[in-house]
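What's in coords_33.cif: mmCIF, C-alpha atoms
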data_my_file
#
loop_
_atom_site.label_atom_id
_atom_site.label_comp_id
_atom_site.auth_asym_id
_atom_site.auth_seq_id
_atom_site.Cartn_x
_atom_site.Cartn_y
_atom_site.Cartn_z
CA MET A 22 -80.25 -32.32 12.95
CA ASP A 23 -77.19 -30.98 14.80
CA TRP A 24 -77.30 -32.61 18.22
CA THR A 25 -76.44 -30.47 21.20
CA GLU A 26 -76.00 -31.84 24.69
CA LYS A 27 -79.49 -30.58 25.46
CA ASP A 28 -80.87 -32.57 22.51
CA PHE A 29 -79.20 -35.73 23.80
CA ASN A 30 -80.69 -35.15 27.24
CA ASP A 31 -84.12 -34.38 25.81
CA ALA A 32 -84.14 -37.54 23.70
CA GLN A 33 -83.37 -39.61 26.81
CA ARG A 34 -86.32 -38.22 28.72
CA LEU A 35 -88.90 -40.75 29.90
CA ASP A 36 -92.15 -40.56 31.85
CA GLY A 37 -92.43 -41.10 35.60
CA ASN A 38 -93.95 -44.41 34.57
CA ALA A 39 -90.40 -45.63 33.96
CA ALA A 40 -89.80 -45.34 37.70
CA ALA A 41 -92.76 -47.58 38.54
CA GLY A 42 -90.67 -50.62 39.48
CA LEU A 43 -88.18 -48.79 41.65
CA LEU A 44 -90.86 -46.78 43.42
CA GLU A 45 -92.87 -49.96 43.97
CA GLN A 46 -89.87 -51.26 45.90
CA CYS A 47 -89.92 -48.10 48.03
CA PHE A 48 -93.64 -47.94 48.73
CA GLY A 49 -94.85 -51.52 48.33
CA ALA A 50 -97.36 -50.27 45.77
CA ASP A 51 -97.39 -48.72 42.31
CA ILE A 52 -97.62 -44.96 42.88
CA THR A 53 -97.40 -43.77 39.28
CA ALA A 54 -101.08 -42.82 39.21
CA ASN A 55 -100.80 -40.94 42.52
CA LEU A 56 -101.14 -37.19 42.71
CA VAL A 57 -98.05 -35.15 43.55
CA GLN A 58 -97.49 -31.42 43.90
CA CYS A 59 -94.32 -29.60 42.88
CA GLY A 60 -92.67 -27.76 45.75
CA SER A 61 -91.33 -25.10 43.41
CA CYS A 62 -94.25 -24.04 41.24
CA GLY A 63 -97.23 -25.78 42.84
CA ARG A 64 -98.28 -27.74 39.76
CA GLU A 65 -100.29 -30.89 40.60
CA GLY A 66 -100.49 -34.02 38.48
CA PRO A 67 -99.91 -37.78 38.46
CA LEU A 68 -96.41 -38.91 39.29
CA GLY A 69 -96.38 -41.08 36.16
CA ALA A 70 -96.57 -37.97 34.00
CA LEU A 71 -93.43 -36.32 35.40
CA HIS A 72 -90.28 -36.13 33.34
CA ALA A 73 -87.94 -38.98 34.27
CA TYR A 74 -84.23 -39.18 33.66
CA ILE A 75 -82.67 -42.56 34.32
CA ARG A 76 -79.17 -42.15 32.97
CA THR A 77 -78.18 -40.00 35.90
CA PRO A 78 -76.57 -41.34 39.06
CA GLY A 79 -79.87 -42.80 40.20
CA LEU A 80 -83.19 -41.66 38.84
CA VAL A 81 -84.59 -38.14 38.77
CA LEU A 82 -88.19 -37.01 38.35
CA ARG A 83 -88.72 -33.40 37.32
CA CYS A 84 -91.76 -31.14 37.23
CA ILE A 85 -93.11 -30.87 33.68
CA GLN A 86 -94.00 -27.24 34.21
CA CYS A 87 -90.91 -25.72 35.87
CA SER A 88 -88.32 -28.57 35.56
CA ALA A 89 -87.55 -28.52 39.27
CA VAL A 90 -86.29 -31.82 40.66
CA MET A 91 -89.17 -33.41 42.55
CA VAL A 92 -87.85 -36.88 43.35
CA ARG A 93 -84.41 -38.45 43.34
CA VAL A 94 -83.86 -42.17 43.89
CA VAL A 95 -80.44 -43.74 44.28
CA GLU A 96 -79.78 -47.47 44.63
CA THR A 97 -76.77 -48.71 46.60
CA PRO A 98 -75.84 -52.35 47.16
CA ASP A 99 -77.82 -52.55 50.38
CA ALA A 100 -80.31 -49.66 50.30
CA ILE A 101 -82.51 -47.40 48.22
CA TYR A 102 -82.30 -43.69 49.05
CA LEU A 103 -85.42 -41.70 48.24
CA ASP A 104 -85.19 -37.90 48.24
CA ALA A 105 -88.64 -36.37 47.80
CA GLN A 106 -87.89 -32.86 49.11
CA GLY A 107 -89.06 -31.42 45.79
CA LEU A 108 -92.67 -32.47 46.52
CA THR A 109 -95.09 -30.62 48.73
CA PHE A 110 -97.11 -33.81 48.84
CA LEU A 111 -97.61 -37.28 47.48
CA ARG A 112 -101.21 -38.42 47.77
CA LEU A 113 -101.75 -42.03 48.84
CA PRO A 114 -105.44 -43.04 48.60
CA VAL A 115 -106.66 -44.98 51.61
CA THR A 116 -109.94 -46.72 52.24
CA TYR A 117 -110.85 -46.90 55.87
CA ALA A 118 -112.74 -49.97 57.11
CA SER A 119 -116.29 -48.99 57.93
CA GLU A 120 -117.39 -49.15 61.51
CA MET B 22 -94.51 -55.97 47.16
CA LEU B 23 -93.88 -57.19 43.65
CA ASP B 24 -91.27 -59.88 43.46
CA TRP B 25 -89.25 -61.01 40.49
CA LEU B 26 -91.06 -63.90 38.80
CA THR B 27 -89.47 -66.61 36.72
CA THR B 28 -91.47 -67.05 33.54
CA THR B 29 -91.13 -69.61 30.78
CA VAL B 30 -90.96 -68.54 27.17
CA LYS B 31 -93.86 -70.25 25.36
CA ARG B 32 -93.48 -68.74 21.91
CA VAL B 33 -91.23 -66.41 19.98
CA ARG B 34 -92.73 -64.80 16.89
CA SER B 35 -91.02 -62.58 14.35
CA GLU B 36 -93.21 -59.59 13.60
CA THR B 37 -90.82 -57.63 11.37
CA PRO B 38 -87.11 -58.01 10.52
CA THR B 39 -86.23 -56.17 13.75
CA VAL B 40 -89.17 -56.92 16.06
CA LYS B 41 -90.14 -60.10 17.90
CA THR B 42 -92.98 -60.96 20.26
CA PHE B 43 -92.13 -63.12 23.25
CA THR B 44 -95.04 -64.96 24.88
CA LEU B 45 -94.24 -65.70 28.50
CA ALA B 46 -96.18 -68.11 30.71
CA LEU B 47 -96.97 -66.43 34.02
CA PRO B 48 -97.02 -68.44 37.26
CA PRO B 49 -100.53 -69.27 38.58
CA GLY B 50 -101.92 -66.58 40.83
CA SER B 51 -99.96 -63.80 39.09
CA GLN B 52 -101.48 -60.34 39.38
CA PRO B 53 -103.66 -59.57 36.34
CA TYR B 54 -102.32 -56.80 34.11
CA ARG B 55 -104.09 -53.93 32.35
CA ALA B 56 -103.64 -52.54 28.86
CA GLY B 57 -100.87 -49.93 28.86
CA GLN B 58 -98.83 -51.42 31.68
CA HIS B 59 -95.32 -52.85 31.43
CA TYR B 60 -93.05 -55.45 33.00
CA ASP B 61 -89.47 -54.91 34.07
CA LEU B 62 -87.26 -57.69 32.70
CA ARG B 63 -83.81 -58.51 33.98
CA LEU B 64 -80.99 -60.65 32.75
CA VAL B 65 -78.43 -61.95 35.23
CA ALA B 66 -75.09 -63.15 33.90
CA PRO B 67 -73.22 -65.99 35.61
CA ASP B 68 -70.83 -63.44 37.11
CA GLY B 69 -73.74 -61.60 38.69
CA TYR B 70 -73.86 -58.71 36.24
CA GLN B 71 -77.44 -57.53 35.79
CA ALA B 72 -79.15 -55.67 33.00
CA GLN B 73 -82.74 -54.53 33.34
CA ARG B 74 -85.22 -52.94 30.94
CA SER B 75 -88.94 -52.13 30.91
CA TYR B 76 -91.09 -53.62 28.14
CA SER B 77 -94.69 -52.71 27.43
CA ILE B 78 -97.31 -55.43 27.47
CA ALA B 79 -98.76 -56.06 24.02
CA SER B 80 -101.32 -58.68 25.03
CA PRO B 81 -104.78 -57.83 26.40
CA PRO B 82 -105.81 -58.62 30.00
CA GLU B 83 -108.16 -61.25 28.56
CA GLN B 84 -105.11 -63.37 27.68
CA VAL B 85 -104.95 -64.82 31.16
CA GLY B 86 -101.92 -66.79 32.32
CA GLU B 87 -99.50 -65.38 29.80
CA VAL B 88 -98.12 -62.05 28.67
CA GLU B 89 -96.75 -60.91 25.34
CA LEU B 90 -93.83 -58.52 25.14
CA THR B 91 -93.13 -57.07 21.70
CA VAL B 92 -89.50 -56.03 21.59
CA GLU B 93 -87.51 -54.19 18.97
CA ARG B 94 -83.91 -55.31 18.52
CA LEU B 95 -81.54 -52.38 19.03
CA ASP B 96 -78.05 -52.95 17.60
CA ASP B 97 -76.46 -51.49 20.72
CA GLY B 98 -79.03 -52.95 23.08
CA GLU B 99 -77.80 -55.12 25.93
CA VAL B 100 -81.10 -56.84 26.60
CA SER B 101 -82.90 -56.70 23.24
CA THR B 102 -80.00 -58.34 21.42
CA TYR B 103 -79.99 -61.18 23.94
CA LEU B 104 -83.73 -61.63 23.63
CA HIS B 105 -83.61 -61.66 19.84
CA ASP B 106 -80.41 -63.60 19.27
CA VAL B 107 -80.37 -66.12 22.11
CA VAL B 108 -83.80 -66.72 23.68
CA VAL B 109 -85.85 -69.68 22.44
CA PRO B 110 -89.08 -71.29 23.69
CA GLY B 111 -88.44 -73.16 26.91
CA ASP B 112 -86.00 -70.58 28.23
CA HIS B 113 -86.71 -68.75 31.49
CA LEU B 114 -86.91 -64.98 31.87
CA GLU B 115 -87.21 -62.98 35.09
CA VAL B 116 -89.83 -60.25 35.10
CA ARG B 117 -91.41 -57.96 37.69
CA GLY B 118 -94.83 -56.47 37.28
CA PRO B 119 -97.31 -55.54 36.10
CA LEU B 120 -96.25 -51.93 36.58
CA GLY B 121 -97.73 -48.57 35.70
CA GLY B 122 -100.96 -47.05 36.92
CA TYR B 123 -100.89 -43.88 34.84
CA PHE B 124 -100.68 -45.01 31.21
CA VAL B 125 -103.60 -47.41 31.40
CA TRP B 126 -106.82 -47.81 29.40
CA GLU B 127 -109.65 -49.92 30.75
CA ALA B 128 -112.49 -50.78 28.38
CA ARG B 129 -115.17 -50.95 31.05
CA ARG B 130 -114.27 -47.55 32.50
CA ALA B 131 -113.81 -45.72 29.23
CA THR B 132 -116.39 -43.19 28.12
CA LEU B 133 -114.54 -40.97 25.66
CA PRO B 134 -113.46 -41.57 22.05
CA LEU B 135 -109.89 -42.77 21.83
CA LEU B 136 -106.93 -41.49 19.85
CA LEU B 137 -103.84 -43.70 19.84
CA VAL B 138 -100.59 -42.32 18.40
CA ALA B 139 -97.70 -44.74 17.87
CA GLY B 140 -94.13 -44.34 16.72
CA GLY B 141 -92.35 -47.56 15.77
CA SER B 142 -92.40 -50.16 18.53
CA GLY B 143 -94.43 -47.72 20.62
CA VAL B 144 -97.42 -49.44 19.06
CA ALA B 145 -97.01 -52.31 21.55
CA PRO B 146 -98.99 -50.96 24.54
CA LEU B 147 -101.52 -49.39 22.17
CA MET B 148 -102.03 -52.81 20.58
CA ALA B 149 -102.79 -54.16 24.04
CA MET B 150 -105.48 -51.48 24.27
CA LEU B 151 -106.93 -52.33 20.84
CA ARG B 152 -106.95 -56.06 21.58
CA HIS B 153 -108.58 -55.39 24.94
CA ARG B 154 -111.13 -53.09 23.28
CA ALA B 155 -112.01 -55.80 20.75
CA ALA B 156 -112.23 -58.54 23.38
CA ALA B 157 -114.46 -56.38 25.54
CA GLY B 158 -116.72 -55.55 22.61
CA VAL B 159 -116.34 -51.81 23.17
CA ARG B 160 -117.37 -49.62 20.23
CA LEU B 161 -116.20 -46.16 21.33
CA PRO B 162 -114.90 -44.32 18.24
CA THR B 163 -111.20 -45.06 18.07
CA ARG B 164 -108.39 -44.08 15.73
CA LEU B 165 -104.79 -45.21 15.64
CA LEU B 166 -102.20 -43.08 13.89
CA TYR B 167 -99.09 -45.23 13.44
CA SER B 168 -95.75 -43.90 12.23
CA ALA B 169 -93.19 -46.36 10.87
CA ARG B 170 -90.19 -46.04 8.58
CA THR B 171 -91.34 -48.46 5.86
CA LEU B 172 -94.24 -50.81 5.32
CA ASP B 173 -92.05 -53.75 6.37
CA ASP B 174 -91.61 -52.05 9.75
CA VAL B 175 -95.33 -51.90 10.47
CA ILE B 176 -95.89 -54.35 13.33
CA PHE B 177 -99.22 -56.23 13.58
CA ARG B 178 -100.18 -55.06 10.11
CA GLU B 179 -102.45 -57.99 9.27
CA GLU B 180 -104.08 -58.01 12.68
CA LEU B 181 -104.79 -54.29 12.47
CA GLY B 182 -106.42 -54.94 9.12
CA ARG B 183 -108.60 -57.67 10.64
CA LEU B 184 -109.58 -55.48 13.59
CA THR B 185 -110.67 -52.63 11.37
CA ALA B 186 -112.42 -54.85 8.82
CA GLY B 187 -114.87 -56.09 11.41
CA ASP B 188 -115.39 -52.78 13.20
CA PRO B 189 -116.55 -49.54 11.60
CA THR B 190 -115.85 -47.64 14.84
CA LEU B 191 -112.10 -48.33 14.54
CA GLU B 192 -109.83 -46.72 11.97
CA VAL B 193 -106.10 -47.09 11.49
CA ALA B 194 -103.97 -44.55 9.60
CA ILE B 195 -100.37 -45.35 8.79
CA THR B 196 -97.68 -42.87 7.90
CA LEU B 197 -94.44 -44.17 6.38
CA THR B 198 -91.65 -41.71 6.96
CA ARG B 199 -88.67 -43.14 5.10
CA ALA B 200 -89.92 -45.07 2.06
CA GLN B 201 -93.32 -45.92 0.61
CA PRO B 202 -94.25 -48.78 -1.71
CA THR B 203 -95.42 -48.01 -5.24
CA GLY B 204 -99.02 -46.95 -5.22
CA TRP B 205 -99.01 -46.11 -1.49
CA ARG B 206 -102.10 -44.09 -0.62
CA GLY B 207 -101.46 -43.59 3.09
CA PHE B 208 -99.54 -40.74 4.69
CA ALA B 209 -95.85 -40.24 3.98
CA ARG B 210 -94.46 -37.78 6.50
CA ARG B 211 -93.58 -37.37 10.16
CA ILE B 212 -96.47 -36.79 12.50
CA ASP B 213 -97.31 -33.09 12.71
CA ALA B 214 -100.17 -30.95 13.95
CA ALA B 215 -101.96 -30.97 10.59
CA LEU B 216 -101.88 -34.76 10.41
CA LEU B 217 -103.11 -35.09 13.97
CA ARG B 218 -105.88 -32.61 13.34
CA GLU B 219 -107.02 -34.55 10.29
CA ILE B 220 -107.10 -37.82 12.25
CA ALA B 221 -108.55 -36.46 15.48
CA THR B 222 -111.20 -34.02 14.31
CA PRO B 223 -113.82 -36.65 13.35
CA LEU B 224 -113.60 -38.05 16.90
CA GLY B 225 -115.09 -34.86 18.31
CA SER B 226 -114.18 -33.45 21.68
CA PRO B 227 -113.20 -34.30 24.33
CA VAL B 228 -111.03 -37.27 23.36
CA THR B 229 -108.50 -39.27 25.37
CA ALA B 230 -105.14 -39.62 23.63
CA TYR B 231 -102.36 -42.13 24.34
CA VAL B 232 -99.04 -41.42 22.66
CA CYS B 233 -96.16 -43.92 22.71
CA GLY B 234 -92.83 -44.28 20.95
CA PRO B 235 -89.42 -42.60 20.81
CA THR B 236 -89.24 -39.63 23.15
CA LEU B 237 -88.84 -36.95 20.49
CA LEU B 238 -91.79 -38.25 18.48
CA VAL B 239 -93.96 -38.49 21.59
CA GLU B 240 -93.14 -34.95 22.70
CA ALA B 241 -93.73 -33.48 19.26
CA ALA B 242 -97.07 -35.28 18.98
CA ALA B 243 -98.16 -34.42 22.52
CA ASP B 244 -97.27 -30.75 22.01
CA ALA B 245 -99.16 -30.76 18.71
CA LEU B 246 -102.26 -32.31 20.30
CA ILE B 247 -102.34 -29.57 22.92
CA GLN B 248 -101.79 -27.03 20.17
CA ILE B 249 -104.88 -28.30 18.32
CA GLY B 250 -107.01 -28.14 21.43
CA PHE B 251 -106.57 -31.29 23.51
CA ALA B 252 -106.64 -30.69 27.25
CA PRO B 253 -103.27 -31.65 28.79
CA GLU B 254 -104.93 -34.08 31.18
CA HIS B 255 -106.36 -35.94 28.18
CA VAL B 256 -102.95 -36.54 26.60
CA LEU B 257 -101.09 -39.43 28.20
CA THR B 258 -97.58 -40.30 27.13
CA GLU B 259 -95.21 -43.24 27.31
CA ARG B 260 -91.77 -42.21 26.12
CA PHE B 261 -89.49 -45.04 25.05
CA GLY B 262 -86.31 -42.95 25.11
CA PRO B 263 -83.87 -42.24 22.31
CA THR B 264 -84.52 -45.18 20.00
CA GLY B 265 -84.39 -43.06 16.91
CA THR B 266 -86.68 -45.15 14.77
CA LEU B 267 -89.24 -42.60 13.72
#

Let me see whether you can do it: turn the structure in this file into structure tokens.
Amino acid sequence: MDWTEKDFNDAQRLDGNAAAGLLEQCFGADITANLVQCGSCGREGPLGALHAYIRTPGLVLRCIQCSAVMVRVVETPDAIYLDAQGLTFLRLPVTYASE
Amino acid sequence: MLDWLTTTVKRVRSETPTVKTFTLALPPGSQPYRAGQHYDLRLVAPDGYQAQRSYSIASPPEQVGEVELTVERLDDGEVSTYLHDVVVPGDHLEVRGPLGGYFVWEARRATLPLLLVAGGSGVAPLMAMLRHRAAAGVRLPTRLLYSARTLDDVIFREELGRLTAGDPTLEVAITLTRAQPTGWRGFARRIDAALLREIATPLGSPVTAYVCGPTLLVEAAADALIQIGFAPEHVLTERFGPTGTL
């Protein structure tokens, strides 16, 4: 197989699952099973099923339908920057205490 | 918030010439894990340099108090070479987890037949599922299609034989892609749509599929499953990245 740059990038691709640890640090909970919607094409699905690229500066999660960047996470020595402007929503299930 | 835990290595077992299983004792009160999840593992050098990787859990949730990570040694791997070449029982390893809520199979919640597709060391989380299935006494029709280079590279070979011998609802098909022993009667090619169709068809429809291994193998298999009629939401993937051991 003649490897192009695209092939190298494709072979590096992971699932959003690979971001579980970092996102757990951001949210205090594992959100890989949570529903997200792509701000570009509207596709909904679990965050864990997004395409993840970790050999970028930081980590990038892309929509599996339209490839738009949905989430970017960058770690610095004293902070984690989370850019989620590519989502229309992230669903966080909540149970309310009954009256 | 999940903190880094210090675990003690209880056992190190060689599975194949390039794969070892590390059994780690978890501190009391550790969060129980589920089949399909992973732990992040980090090594910290004396100068503060850190290397971190994610490793799938190979042990079932029933194995309380310890976790097994089955790790392939990559020649250019920073962490896997350390684990294989340096770590011995009694050593301490830092892990964080369990992580992953998407690529999970729970025996008590499962209702559909199960198709597991593994490439190389991608069999690890699927083995957790099979061990959990056996421990829970679940008899949903299940098939594992496992791609390895040679017979010597097939991890858990004897255990897979034992699991299938006692359970007519479980079948394991192995495909050897690089070399086959004399008299080999299993498959001998890379996973393709025709092979998947042959394995999956007897399970009926719908079926839940878990696919794990090198990224290119996982994507080819997942695309093929959708091509042969699996609903996308029934095909769950865990890509391991560019470890080219198909």

Counting all atoms listed in the file, collect the residues of chain B whose closest atom lies at most 6 Å from chain A, and write them out as a PDB file with C-alpha atoms, in the coordinates of the input.
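The resulting part14.pdb:
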ATOM      1  CA  MET B  22     -94.510 -55.970  47.160  1.00  0.00           C
ATOM      2  CA  LEU B 120     -96.250 -51.930  36.580  1.00  0.00           C
ATOM      3  CA  GLY B 121     -97.730 -48.570  35.700  1.00  0.00           C
ATOM      4  CA  GLY B 122    -100.960 -47.050  36.920  1.00  0.00           C
ATOM      5  CA  TYR B 123    -100.890 -43.880  34.840  1.00  0.00           C
ATOM      6  CA  THR B 236     -89.240 -39.630  23.150  1.00  0.00           C
ATOM      7  CA  LEU B 237     -88.840 -36.950  20.490  1.00  0.00           C
ATOM      8  CA  ARG B 260     -91.770 -42.210  26.120  1.00  0.00           C
ATOM      9  CA  GLY B 262     -86.310 -42.950  25.110  1.00  0.00           C
ATOM     10  CA  PRO B 263     -83.870 -42.240  22.310  1.00  0.00           C
TER      11      PRO B 263
END

For this file, the PyMOL selection byres ((chain B and resi 201) around 12) selects which residues, as a ChimeraX atom specification?
/B:169-175,195-200,202-210

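Neighbours of Leu108 of chain A closer than or equal to 8 Å, with all atoms listed in the file counted and sequence neighbours fewer than 6 positions away skipped, come out as Val57, Gln58, Cys59, Gly60, Met91 and Val92 of chain A.
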
Atom pair atom CA of Tyr60 of chain B / atom CA of Thr91 of chain B: separation (Å)
11.4 Å

Target residues per the PyMOL selection byres ((chain B and resi 232) around 12), formatted as a VMD selection string:
(chain A and resid 36) or (chain B and resid 57 124 to 125 135 to 148 164 to 168 212 217 229 to 231 233 to 246 255 to 261)

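Interatomic distance, atom CA of His105 of chain B against atom CA of Glu36 of chain B: 11.6 Å.
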
Between atom CA of Gly86 of chain B and atom CA of Thr29 of chain B, what is the spacing in Å?
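Calculated distance between atom CA of Thr29 of chain B and atom CA of Gly86 of chain B is 11.3 Å.
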
A:Ala118, A:Val90, A:Leu111, A:Leu80 ranked by distance to Cys62 of chain A, top pick (using all atoms listed in the file):
A:Val90

Exercise: Leu184 of chain B partners within 10 Å, only C-alpha atoms, chain neighbours under 4 positions left out, as a compact mmCIF listing (two decimals) with C-alpha atoms, in the coordinates of the input:
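Written output follows (out35.txt):
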# COMPACT_ATOMS: atom_id res chain seq x y z
CA LEU B 151 -106.93 -52.33 20.84
CA ARG B 152 -106.95 -56.06 21.58
CA ALA B 155 -112.01 -55.80 20.75
CA GLU B 179 -102.45 -57.99 9.27
CA GLU B 180 -104.08 -58.01 12.68
CA ASP B 188 -115.39 -52.78 13.20
CA PRO B 189 -116.55 -49.54 11.60
CA LEU B 191 -112.10 -48.33 14.54
CA GLU B 192 -109.83 -46.72 11.97
CA VAL B 193 -106.10 -47.09 11.49

From the set B:Ala221, B:Ile78, B:Leu90, B:Ala56, which residue has the shortest atom-to-atom contact distance to Pro162 of chain B, counting only C-alpha atoms?
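Of B:Ala221, B:Ile78, B:Leu90, B:Ala56, the one nearest Pro162 of chain B is B:Ala221, counting only C-alpha atoms.
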
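For the file shown, the residue list from the PyMOL selection byres ((chain B and resi 92-99) around 8) reads Thr39, Val40, Lys41, Thr42, Phe43, Ala72, Tyr76, Leu90, Thr91, Val100, Ser101, Thr102, Tyr103, His105, Ser142 and Thr264 of chain B.
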